[in-house]
file coords34.cif (mmCIF, C-alpha atoms and all ligand atoms)
data_coords
#
loop_
_atom_site.label_atom_id
_atom_site.label_comp_id
_atom_site.auth_asym_id
_atom_site.auth_seq_id
_atom_site.Cartn_x
_atom_site.Cartn_y
_atom_site.Cartn_z
CA MET A 1 19.30 -48.07 3.14
CA SER A 2 21.75 -47.07 0.47
CA LYS A 3 21.84 -43.92 -1.55
CA LEU A 4 22.98 -43.50 -5.10
CA VAL A 5 23.60 -40.12 -6.68
CA VAL A 6 24.45 -39.99 -10.36
CA LYS A 7 24.32 -37.54 -13.20
CA VAL A 8 21.74 -38.30 -15.87
CA ALA A 9 22.18 -37.14 -19.43
CA GLY A 10 19.67 -36.99 -22.25
CA MET A 11 16.74 -35.34 -20.50
CA SER A 12 15.12 -32.60 -22.53
CA CYS A 13 12.28 -31.53 -20.28
CA ALA A 14 10.79 -31.97 -16.84
CA SER A 15 8.61 -34.86 -17.96
CA CYS A 16 11.78 -36.81 -18.80
CA ALA A 17 12.73 -36.44 -15.16
CA ALA A 18 9.28 -37.58 -14.11
CA ARG A 19 9.51 -40.58 -16.43
CA ILE A 20 12.79 -41.67 -14.86
CA GLU A 21 11.37 -41.24 -11.36
CA LYS A 22 8.33 -43.30 -12.25
CA SER A 23 10.37 -46.00 -13.91
CA LEU A 24 12.71 -46.29 -10.92
CA ALA A 25 9.91 -46.19 -8.40
CA ALA A 26 8.60 -49.37 -10.04
CA LEU A 27 11.92 -51.12 -9.46
CA ASP A 28 12.04 -53.59 -6.59
CA GLY A 29 13.95 -52.27 -3.61
CA VAL A 30 13.77 -48.62 -4.60
CA GLN A 31 12.38 -46.55 -1.74
CA ALA A 32 12.63 -43.15 -3.32
CA ALA A 33 13.78 -41.79 -6.65
CA ASN A 34 14.23 -38.12 -7.26
CA VAL A 35 15.46 -36.47 -10.43
CA ASN A 36 16.55 -32.88 -10.44
CA PHE A 37 16.07 -31.91 -14.06
CA ALA A 38 18.01 -28.64 -13.87
CA MET A 39 20.96 -30.30 -12.16
CA GLU A 40 20.58 -33.50 -14.21
CA ARG A 41 20.99 -35.31 -10.96
CA LEU A 42 19.34 -38.52 -9.91
CA THR A 43 19.13 -39.48 -6.27
CA VAL A 44 17.89 -42.93 -5.40
CA GLU A 45 17.38 -44.42 -2.00
CA PHE A 46 17.27 -48.17 -2.15
CA ASP A 47 17.42 -51.31 -0.11
CA PRO A 48 20.80 -52.91 -0.93
CA ARG A 49 19.36 -56.35 -0.12
CA ALA A 50 16.78 -55.97 -2.87
CA THR A 51 18.61 -54.11 -5.61
CA ASN A 52 21.89 -52.42 -6.42
CA ALA A 53 23.41 -49.47 -8.23
CA ASP A 54 23.98 -51.48 -11.41
CA ALA A 55 20.30 -52.42 -11.63
CA ILE A 56 19.30 -48.80 -11.09
CA VAL A 57 21.70 -47.54 -13.75
CA LYS A 58 20.44 -50.20 -16.15
CA LYS A 59 16.87 -49.16 -15.50
CA VAL A 60 17.66 -45.55 -16.31
CA LYS A 61 19.31 -46.64 -19.56
CA ASP A 62 16.35 -48.88 -20.40
CA THR A 63 14.10 -45.87 -19.91
CA GLY A 64 16.12 -44.10 -22.60
CA TYR A 65 18.60 -41.94 -20.73
CA GLU A 66 22.28 -42.03 -20.05
CA VAL A 67 23.90 -42.23 -16.68
CA VAL A 68 27.12 -40.36 -16.39
CA THR A 69 28.64 -42.34 -13.60
CA GLN A 70 30.16 -40.09 -11.02
CA LYS A 71 31.29 -42.81 -8.69
CA GLN A 72 34.79 -42.41 -9.99
CA GLU A 73 34.61 -38.67 -9.60
CA PHE A 74 33.54 -39.11 -6.01
CA ASN A 75 36.55 -41.31 -5.44
CA LEU A 76 38.85 -38.79 -7.05
CA ARG A 77 37.36 -36.07 -4.95
CA GLU A 78 37.96 -38.12 -1.83
CA MET A 79 41.54 -38.73 -2.86
CA SER A 80 41.98 -35.08 -3.53
CA CYS A 81 40.59 -34.33 -0.09
CA ALA A 82 42.99 -36.82 1.49
CA ALA A 83 45.86 -35.15 -0.33
CA CYS A 84 44.61 -31.80 0.88
CA ALA A 85 44.46 -33.14 4.41
CA THR A 86 48.05 -34.31 4.14
CA ARG A 87 49.04 -30.96 2.72
CA ILE A 88 47.32 -29.19 5.59
CA GLU A 89 48.95 -31.50 8.11
CA ARG A 90 52.32 -30.77 6.58
CA ALA A 91 51.68 -27.03 6.59
CA VAL A 92 50.52 -27.17 10.19
CA ALA A 93 53.61 -29.13 11.17
CA LYS A 94 55.70 -26.22 9.88
CA LEU A 95 53.92 -23.72 12.11
CA PRO A 96 55.88 -22.38 15.04
CA GLY A 97 55.33 -24.36 18.17
CA ARG A 98 58.72 -25.96 18.39
CA ARG A 99 61.86 -23.96 18.69
CA GLN A 100 64.94 -24.71 16.68
CA ASP A 101 66.56 -25.99 19.85
CA GLY A 102 63.79 -28.58 20.16
CA ARG A 103 62.23 -27.12 23.27
CA HIS A 104 58.54 -26.48 23.19
CA ASP A 105 57.38 -22.99 22.61
CA ARG A 106 54.97 -22.07 25.38
CA ARG A 107 53.00 -19.74 23.19
CA ARG A 108 49.33 -20.62 23.07
CA TYR A 109 47.22 -20.40 19.98
CU CU B 1 11.30 -34.72 -21.78
#

call {"tool": "encode", "arguments": {"input": "coords34.cif", "output": "structure tokens", "more": "lines below"}}
Ligand SMILES: [Cu+2]
result
Amino acid sequence: MSKLVVKVAGMSCASCAARIEKSLAALDGVQAANVNFAMERLTVEFDPRATNADAIVKKVKDTGYEVVTQKQEFNLREMSCAACATRIERAVAKLPGRRQDGRHDRRRY
């Protein structure tokens, strides 16, 4: 089971959200479709053997709404996290634990 989470634009009321849910539920391979109107967020659980993210996005567009693809944002966020991890690793490496003379400090943390 795969999960797709995207931002949907163009909804003006809760029945828009319901319309998208209904439309996606009719799509082959979709197990569950949930639209959070307030968050403008669409969550779809689907069988990747039966459908894919592109088909789901197309269906949303065909229903009359826009998908603001966040896949790229997710990637950026991951990259940013990796950079943060590196930064943390670097910062941790600077913590005392080794003496200038190279011998290990026996202090425990
Ligand atoms: Cu509406």

call {"tool": "residues_around", "arguments": {"input": "coords34.cif", "residues": "Ile20 of chain A", "least_positions_apart": "6", "cutoff": "8 Å", "atoms": "all atoms listed in the file", "output": "tab-separated table (two decimals) with C-alpha atoms, in the coordinates of the input"}}
result
chain	number	residue	atom	x	y	z
A	35	VAL	CA	15.46	-36.47	-10.43
A	60	VAL	CA	17.66	-45.55	-16.31
A	63	THR	CA	14.10	-45.87	-19.91

call {"tool": "residues_near_ligand", "arguments": {"input": "coords34.cif", "ligand": "ligand CU 1 (chain B)", "cutoff": "6 Å", "atoms": "only C-alpha atoms and all ligand atoms", "output": "PyMOL selection string"}}
result
chain A and resi 11-16

call {"tool": "residues_around", "arguments": {"input": "coords34.cif", "residues": "Val44 of chain A", "least_positions_apart": "4", "cutoff": "12 Å", "atoms": "all atoms listed in the file", "output": "PyMOL selection string"}}
result
chain A and resi 1-7+20-25+27+29-36+48+51-53+55-57+59-60

call {"tool": "atom_distance", "arguments": {"input": "coords34.cif", "atom1": "atom CA of Val8 of chain A", "atom2": "atom CA of Thr69 of chain A"}}
result
8.3 Å
